[in-house]
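One file, my_file_17.cif, is given below (mmCIF, C-alpha atoms and all ligand atoms).
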data_entry
#
loop_
_atom_site.label_atom_id
_atom_site.label_comp_id
_atom_site.auth_asym_id
_atom_site.auth_seq_id
_atom_site.Cartn_x
_atom_site.Cartn_y
_atom_site.Cartn_z
CA MET A 24 67.44 -12.10 109.68
CA ILE A 25 69.68 -9.04 109.48
CA HIS A 26 70.87 -7.98 106.02
CA ILE A 27 73.48 -5.33 105.13
CA ARG A 28 73.14 -3.35 101.88
CA THR A 29 73.78 0.03 100.29
CA ALA A 30 71.27 2.68 101.36
CA ARG A 31 68.69 3.81 98.81
CA ARG A 32 67.21 7.30 98.61
CA THR A 33 63.99 5.88 100.07
CA ASP A 34 65.94 4.83 103.18
CA ALA A 35 66.42 8.44 104.31
CA ALA A 36 63.58 8.34 106.85
CA GLY A 37 64.74 5.01 108.30
CA VAL A 38 68.34 6.22 108.63
CA ALA A 39 67.10 9.46 110.24
CA ARG A 40 65.08 7.45 112.75
CA VAL A 41 68.14 5.44 113.83
CA HIS A 42 70.23 8.63 113.85
CA ALA A 43 67.79 10.55 116.09
CA GLN A 44 67.03 7.66 118.45
CA THR A 45 70.63 6.60 119.01
CA TRP A 46 71.90 10.16 119.51
CA LYS A 47 69.14 11.02 122.00
CA GLU A 48 69.90 7.90 124.03
CA ALA A 49 73.66 7.28 123.65
CA TYR A 50 74.76 10.93 123.84
CA ARG A 51 72.53 11.97 126.77
CA GLY A 52 74.90 13.51 129.30
CA LEU A 53 77.66 13.83 126.68
CA LEU A 54 76.07 16.45 124.40
CA ASP A 55 73.88 19.43 125.20
CA SER A 56 70.37 18.27 126.25
CA ALA A 57 68.55 21.03 124.35
CA PHE A 58 70.43 20.09 121.17
CA LEU A 59 69.47 16.41 121.60
CA ASP A 60 65.84 17.22 122.45
CA ASN A 61 65.63 19.31 119.30
CA LEU A 62 66.92 16.58 116.97
CA SER A 63 63.98 15.93 114.68
CA GLU A 64 63.63 12.80 112.57
CA ARG A 65 61.86 14.85 109.91
CA ARG A 66 64.68 17.40 109.58
CA LEU A 67 67.32 14.68 109.70
CA ALA A 68 65.44 12.79 106.96
CA THR A 69 65.72 15.87 104.72
CA ARG A 70 69.46 16.00 105.38
CA TRP A 71 69.91 12.29 104.73
CA ARG A 72 67.91 12.49 101.50
CA ALA A 73 70.26 15.24 100.32
CA GLN A 74 73.29 13.19 101.35
CA LEU A 75 72.00 10.09 99.56
CA ASP A 76 71.43 12.21 96.43
CA ARG A 77 74.89 13.78 96.65
CA ARG A 78 76.40 10.32 96.88
CA ALA A 79 75.40 9.72 93.26
CA GLN A 80 77.93 12.37 92.20
CA ASP A 81 80.65 11.36 94.66
CA LEU A 82 81.43 7.66 94.39
CA ASP A 83 83.64 7.75 97.50
CA GLU A 84 80.75 8.62 99.78
CA GLU A 85 78.62 5.70 100.86
CA VAL A 86 75.94 4.87 103.38
CA LEU A 87 75.24 1.25 104.34
CA VAL A 88 72.18 0.07 106.23
CA ALA A 89 71.45 -2.96 108.40
CA VAL A 90 67.90 -4.09 107.75
CA ASN A 91 65.73 -6.45 109.83
CA GLY A 92 62.74 -7.32 107.64
CA GLN A 93 61.59 -3.89 106.45
CA GLU A 94 63.11 -1.98 109.38
CA ILE A 95 66.45 -0.16 109.29
CA VAL A 96 68.11 -0.98 112.61
CA GLY A 97 71.60 0.42 112.00
CA PHE A 98 73.72 2.30 109.51
CA ALA A 99 77.27 3.39 108.75
CA SER A 100 78.62 6.14 106.51
CA MET A 101 82.11 6.42 105.05
CA GLY A 102 84.17 8.12 102.38
CA ALA A 103 87.56 9.52 101.45
CA SER A 104 89.01 11.55 104.32
CA ARG A 105 88.82 15.29 103.83
CA GLU A 106 91.15 16.00 106.74
CA ALA A 107 94.56 17.20 105.70
CA PHE A 108 96.28 16.06 108.91
CA ALA A 109 94.60 12.74 109.68
CA PRO A 110 96.84 9.71 108.97
CA TRP A 111 94.03 7.73 107.33
CA GLU A 112 92.82 7.68 103.73
CA ALA A 113 89.19 6.83 104.49
CA GLU A 114 86.98 8.10 107.26
CA ILE A 115 84.17 6.00 108.72
CA SER A 116 82.09 8.92 109.85
CA MET A 117 79.08 7.32 111.57
CA VAL A 118 78.18 3.88 112.96
CA TYR A 119 74.93 3.51 114.86
CA VAL A 120 72.76 0.56 115.87
CA LEU A 121 69.38 0.79 117.65
CA LYS A 122 69.69 -0.14 121.31
CA GLU A 123 67.39 -3.17 121.11
CA HIS A 124 69.55 -4.70 118.33
CA ARG A 125 72.99 -4.23 119.91
CA GLY A 126 75.39 -6.91 121.00
CA ILE A 127 74.62 -9.40 118.21
CA GLY A 128 77.32 -8.31 115.78
CA ILE A 129 75.56 -5.70 113.62
CA GLY A 130 78.11 -2.99 114.45
CA ARG A 131 80.95 -5.37 113.62
CA VAL A 132 79.43 -6.32 110.26
CA LEU A 133 78.74 -2.68 109.36
CA MET A 134 82.43 -1.93 110.07
CA LYS A 135 83.51 -4.93 107.95
CA ALA A 136 81.27 -3.78 105.08
CA ALA A 137 82.57 -0.20 105.42
CA ALA A 138 86.14 -1.54 105.21
CA ASP A 139 85.26 -3.61 102.12
CA HIS A 140 83.75 -0.55 100.46
CA CYS A 141 86.80 1.63 101.14
CA ILE A 142 89.26 -1.01 99.93
CA ARG A 143 87.31 -1.45 96.70
CA ARG A 144 87.73 2.29 96.11
CA GLY A 145 91.46 2.18 96.73
CA LEU A 146 91.39 3.53 100.29
CA PHE A 147 93.49 1.11 102.32
CA SER A 148 93.65 2.76 105.75
CA GLY A 149 90.71 4.07 107.69
CA GLY A 150 89.92 5.98 110.82
CA LEU A 151 87.32 7.89 112.74
CA TRP A 152 86.70 10.27 115.61
CA VAL A 153 84.72 9.31 118.70
CA LEU A 154 83.65 11.45 121.67
CA ARG A 155 86.39 11.09 124.29
CA ASP A 156 83.73 10.43 126.95
CA ASN A 157 81.86 7.79 124.90
CA GLY A 158 83.50 4.86 126.72
CA ALA A 159 81.21 2.26 125.09
CA GLY A 160 81.97 3.57 121.61
CA ARG A 161 85.70 3.53 122.32
CA ASP A 162 85.47 -0.04 123.70
CA PHE A 163 83.68 -1.09 120.50
CA TYR A 164 86.42 0.31 118.25
CA GLU A 165 89.13 -1.20 120.43
CA ALA A 166 87.36 -4.60 120.30
CA LEU A 167 87.62 -4.34 116.50
CA GLY A 168 91.36 -3.66 116.62
CA GLY A 169 91.24 0.12 116.22
CA GLU A 170 94.49 1.76 117.26
CA PRO A 171 94.19 4.96 119.34
CA THR A 172 95.75 7.93 117.56
CA GLY A 173 95.32 11.71 117.84
CA ARG A 174 92.88 13.88 119.76
CA LYS A 175 91.12 17.03 118.73
CA ALA A 176 88.37 19.40 119.78
CA ASP A 177 85.42 20.05 117.50
CA SER A 178 82.00 21.61 117.61
CA VAL A 179 78.90 19.40 117.77
CA GLY A 180 75.51 21.08 118.16
CA GLY A 181 77.19 24.37 119.03
CA GLN A 182 79.16 22.77 121.88
CA ILE A 183 82.93 22.20 121.91
CA VAL A 184 83.64 18.51 122.49
CA GLN A 185 86.80 16.45 122.86
CA LEU A 186 87.32 13.68 120.32
CA ASN A 187 89.67 10.71 120.24
CA GLY A 188 90.87 9.21 116.97
CA TYR A 189 91.09 5.49 116.17
CA TRP A 190 92.49 4.01 113.02
CA TRP A 191 93.18 0.82 111.13
CA ARG A 192 96.49 1.10 109.24
CA ASP A 193 95.36 -1.80 107.08
CA LEU A 194 91.59 -1.90 106.56
CA ALA A 195 91.95 -5.48 105.29
CA GLN A 196 92.31 -6.54 108.95
CA LEU A 197 88.87 -5.12 109.66
CA ALA A 198 87.42 -6.56 106.46
CA GLU A 199 88.71 -10.06 107.20
CA ARG A 200 87.33 -10.38 110.72
CA SER A 201 84.92 -13.25 111.27
CA LEU A 202 81.24 -12.60 110.78
CA PRO A 203 78.20 -13.59 112.75
CA ALA A 204 75.14 -14.92 110.88
CA ILE A 205 74.25 -11.69 109.10
CA THR A 206 73.82 -11.70 105.33
CA LEU A 207 75.64 -9.27 103.10
CA GLY A 208 73.84 -7.79 100.14
CA ARG A 209 75.17 -5.40 97.51
CA TYR A 210 77.27 -2.62 99.02
C1 LIG B 301 78.87 1.16 119.19
C2 LIG B 301 77.80 0.37 118.44
C3 LIG B 301 77.74 0.83 116.98
C4 LIG B 301 78.21 -1.14 118.48
O1 LIG B 301 77.24 -1.88 117.75
P1 LIG B 301 76.85 -3.39 118.17
O2 LIG B 301 76.04 -3.95 117.08
O3 LIG B 301 76.25 -3.39 119.53
O4 LIG B 301 78.29 -4.05 118.26
P2 LIG B 301 78.66 -5.61 118.02
O5 LIG B 301 77.60 -6.46 118.64
O6 LIG B 301 78.93 -5.82 116.59
O7 LIG B 301 80.01 -5.75 118.84
C5 LIG B 301 81.27 -5.81 118.20
C6 LIG B 301 82.35 -5.94 119.21
O8 LIG B 301 82.43 -4.74 119.99
C7 LIG B 301 82.28 -5.05 121.37
N1 LIG B 301 81.41 -4.05 121.97
C8 LIG B 301 80.28 -3.53 121.43
N2 LIG B 301 79.73 -2.63 122.28
C9 LIG B 301 80.53 -2.62 123.35
C10 LIG B 301 80.49 -1.94 124.58
N3 LIG B 301 79.49 -1.10 124.89
N4 LIG B 301 81.47 -2.16 125.47
C11 LIG B 301 82.45 -3.06 125.19
N5 LIG B 301 82.55 -3.74 124.05
C12 LIG B 301 81.61 -3.52 123.15
C13 LIG B 301 81.58 -6.40 121.42
O9 LIG B 301 81.91 -7.10 122.59
C14 LIG B 301 82.10 -7.07 120.19
O10 LIG B 301 83.35 -7.64 120.39
P3 LIG B 301 83.53 -9.24 120.19
O11 LIG B 301 82.91 -9.54 118.86
O12 LIG B 301 85.01 -9.41 120.24
O13 LIG B 301 82.77 -9.85 121.30
C15 LIG B 301 76.42 0.48 119.11
O14 LIG B 301 76.54 0.05 120.44
C16 LIG B 301 75.87 1.90 119.12
O15 LIG B 301 75.21 2.33 118.18
N6 LIG B 301 76.13 2.63 120.23
C17 LIG B 301 75.62 3.99 120.41
C18 LIG B 301 76.26 5.00 119.51
C19 LIG B 301 77.77 4.95 119.42
O16 LIG B 301 78.45 5.02 120.43
N7 LIG B 301 78.27 4.82 118.18
C20 LIG B 301 79.69 4.73 117.91
C21 LIG B 301 80.43 5.97 118.19
S1 LIG B 301 80.43 7.13 116.89
#
Go ahead and express the file in the form of structure tokens.
Amino acid sequence: MIHIRTARRTDAAGVARVHAQTWKEAYRGLLDSAFLDNLSERRLATRWRAQLDRRAQDLDEEVLVAVNGQEIVGFASMGASREAFAPWEAEISMVYVLKEHRGIGIGRVLMKAAADHCIRRGLFSGGLWVLRDNGAGRDFYEALGGEPTGRKADSVGGQIVQLNGYWWRDLAQLAERSLPAITLGRY
């Protein structure tokens, strides 16, 4: 049974594991190989612990996890947009699901829960940036009704990459989409 809830500080290692594994696999060929090979779960866990601590002082920032038994199999992070020129109020900055758990609706439910969280904090539109060449990621956002918007270049792992923006003018549309049999906890 998959369950979605707010991440706890003790989830840092589990989130880092999903982060490292999904990046190494999904971004192979899209990002620099040396950068991906060097991604360490231990270092990422330190970063995630710091982010989960910081969240206590910044109520807009949130991390949600999808849990299967004791195992974190996916996560999403979101918060108020800090980009002056993006049209959206909230940014859903990361959504990742372990390969062996894809295609059963976890990504969709994480996006619904992210939308719920933003709306509760008074952020009614939301958007994100995805690697232009991440066709599967773009298909996922389009399947959820994301509307293509701007493009930009940014630096990831010391490499300049092209990003495409998607947004939901009304996050309620994302929040109201039907759910598969995944339980929602406190988030
Ligand atoms: C993208 C990702 C988060 C989707 O998670 P998921 O749990 O597999 O997605 P879901 O099962 O909830 O699918 C939701 C919808 O998106 C569609 N979808 C998901 N992955 C897709 C793909 N690769 N190609 C086309 N459509 C896709 C599904 O068909 C589904 O639509 P439907 O409900 O209308 O049938 C996951 O595949 C992942 O972590 N990928 C690697 C990293 C990545 O690209 N992250 C996002 C970019 S930042």
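For the set A:Glu165, A:Asp139, A:Glu94, A:Asp55, the residue with the smallest atom-to-atom gap to Leu121 in chain A is A:Glu94, counting only C-alpha atoms.
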Between CA of Ser56 in chain A and atom O14 of ligand LIG 301 (chain B) - distance in Å to one decimal: 20.1 Å
Expected answer as a ChimeraX atom specification: all residues with atoms within 10 Å of (82.4, -1.4, 105.8), all atoms listed in the file: /A:27,85-87,99-101,115,118,130-142,194,197-198,210
With C-alpha atoms kept, could you save the residues just selected as a PDB file, in the coordinates of the input?
ATOM      1  CA  ILE A  27      73.480  -5.330 105.130  1.00  0.00           C
ATOM      2  CA  GLU A  85      78.620   5.700 100.860  1.00  0.00           C
ATOM      3  CA  VAL A  86      75.940   4.870 103.380  1.00  0.00           C
ATOM      4  CA  LEU A  87      75.240   1.250 104.340  1.00  0.00           C
ATOM      5  CA  ALA A  99      77.270   3.390 108.750  1.00  0.00           C
ATOM      6  CA  SER A 100      78.620   6.140 106.510  1.00  0.00           C
ATOM      7  CA  MET A 101      82.110   6.420 105.050  1.00  0.00           C
ATOM      8  CA  ILE A 115      84.170   6.000 108.720  1.00  0.00           C
ATOM      9  CA  VAL A 118      78.180   3.880 112.960  1.00  0.00           C
ATOM     10  CA  GLY A 130      78.110  -2.990 114.450  1.00  0.00           C
ATOM     11  CA  ARG A 131      80.950  -5.370 113.620  1.00  0.00           C
ATOM     12  CA  VAL A 132      79.430  -6.320 110.260  1.00  0.00           C
ATOM     13  CA  LEU A 133      78.740  -2.680 109.360  1.00  0.00           C
ATOM     14  CA  MET A 134      82.430  -1.930 110.070  1.00  0.00           C
ATOM     15  CA  LYS A 135      83.510  -4.930 107.950  1.00  0.00           C
ATOM     16  CA  ALA A 136      81.270  -3.780 105.080  1.00  0.00           C
ATOM     17  CA  ALA A 137      82.570  -0.200 105.420  1.00  0.00           C
ATOM     18  CA  ALA A 138      86.140  -1.540 105.210  1.00  0.00           C
ATOM     19  CA  ASP A 139      85.260  -3.610 102.120  1.00  0.00           C
ATOM     20  CA  HIS A 140      83.750  -0.550 100.460  1.00  0.00           C
ATOM     21  CA  CYS A 141      86.800   1.630 101.140  1.00  0.00           C
ATOM     22  CA  ILE A 142      89.260  -1.010  99.930  1.00  0.00           C
ATOM     23  CA  LEU A 194      91.590  -1.900 106.560  1.00  0.00           C
ATOM     24  CA  LEU A 197      88.870  -5.120 109.660  1.00  0.00           C
ATOM     25  CA  ALA A 198      87.420  -6.560 106.460  1.00  0.00           C
ATOM     26  CA  TYR A 210      77.270  -2.620  99.020  1.00  0.00           C
TER      27      TYR A 210
END
What does the structure give for the distance between CA of Ala109 in chain A and CA of Arg161 in chain A, in Å to one decimal?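 Answer for the CA of Ala109 in chain A to CA of Arg161 in chain A separation: 18.0 Å.
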Proximity to Val120 in chain A - best of A:Leu207, A:Leu62, A:Ile95, A:Leu54, only C-alpha atoms: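 Ranked by minimum distance to Val120 in chain A, first place goes to A:Ile95.
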Using all atoms listed in the file, find each protein or nucleic acid residue lying at most 6 Å from ligand LIG 301 (chain B); present the set as a JSON list (two decimals) with C-alpha atoms, in the coordinates of the input.
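Result file is result.json:
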[["chain", "number", "residue", "atom", "x", "y", "z"],
["A", 45, "THR", "CA", 70.63, 6.60, 119.01],
["A", 49, "ALA", "CA", 73.66, 7.28, 123.65],
["A", 117, "MET", "CA", 79.08, 7.32, 111.57],
["A", 118, "VAL", "CA", 78.18, 3.88, 112.96],
["A", 119, "TYR", "CA", 74.93, 3.51, 114.86],
["A", 120, "VAL", "CA", 72.76, 0.56, 115.87],
["A", 125, "ARG", "CA", 72.99, -4.23, 119.91],
["A", 126, "GLY", "CA", 75.39, -6.91, 121.00],
["A", 127, "ILE", "CA", 74.62, -9.40, 118.21],
["A", 128, "GLY", "CA", 77.32, -8.31, 115.78],
["A", 129, "ILE", "CA", 75.56, -5.70, 113.62],
["A", 130, "GLY", "CA", 78.11, -2.99, 114.45],
["A", 131, "ARG", "CA", 80.95, -5.37, 113.62],
["A", 153, "VAL", "CA", 84.72, 9.31, 118.70],
["A", 159, "ALA", "CA", 81.21, 2.26, 125.09],
["A", 160, "GLY", "CA", 81.97, 3.57, 121.61],
["A", 162, "ASP", "CA", 85.47, -0.04, 123.70],
["A", 163, "PHE", "CA", 83.68, -1.09, 120.50],
["A", 166, "ALA", "CA", 87.36, -4.60, 120.30]]
Find the residue from A:Gly181, A:Ala68, A:Val88, A:Trp190 that sits nearest to Thr206 in chain A; use only C-alpha atoms when measuring.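 Residue with the minimum atom-to-atom distance to Thr206 in chain A: A:Val88.
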Which one is closest to Arg143 in chain A: A:Ser116, A:Leu186, A:Asn157, A:Asp83? Count all atoms listed in the file.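 The shortest atom-to-atom distance to Arg143 in chain A comes from A:Asp83.
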note - CA of Leu59 in chain A and CA of Val184 in chain A are separated by 14.4 Å
Using all atoms listed in the file, which residue out of A:Val179, A:Leu151, A:Ala39, A:Ile205 lies closest to Phe58 in chain A? A:Val179
Counting all atoms listed in the file, the option among A:Ser178, A:Gln74, A:Thr172, A:Ser104 closest to Gly149 in chain A: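 Selected residue with least distance to Gly149 in chain A: A:Ser104.
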Neighbours of Thr69 in chain A within 8 Å (only C-alpha atoms; same-chain residues fewer than 4 positions away dropped), as a CSV table (one decimal) with C-alpha atoms, keeping the file's coordinate frame?
chain,number,residue,atom,x,y,z
A,35,ALA,CA,66.4,8.4,104.3
A,65,ARG,CA,61.9,14.8,109.9
A,73,ALA,CA,70.3,15.2,100.3
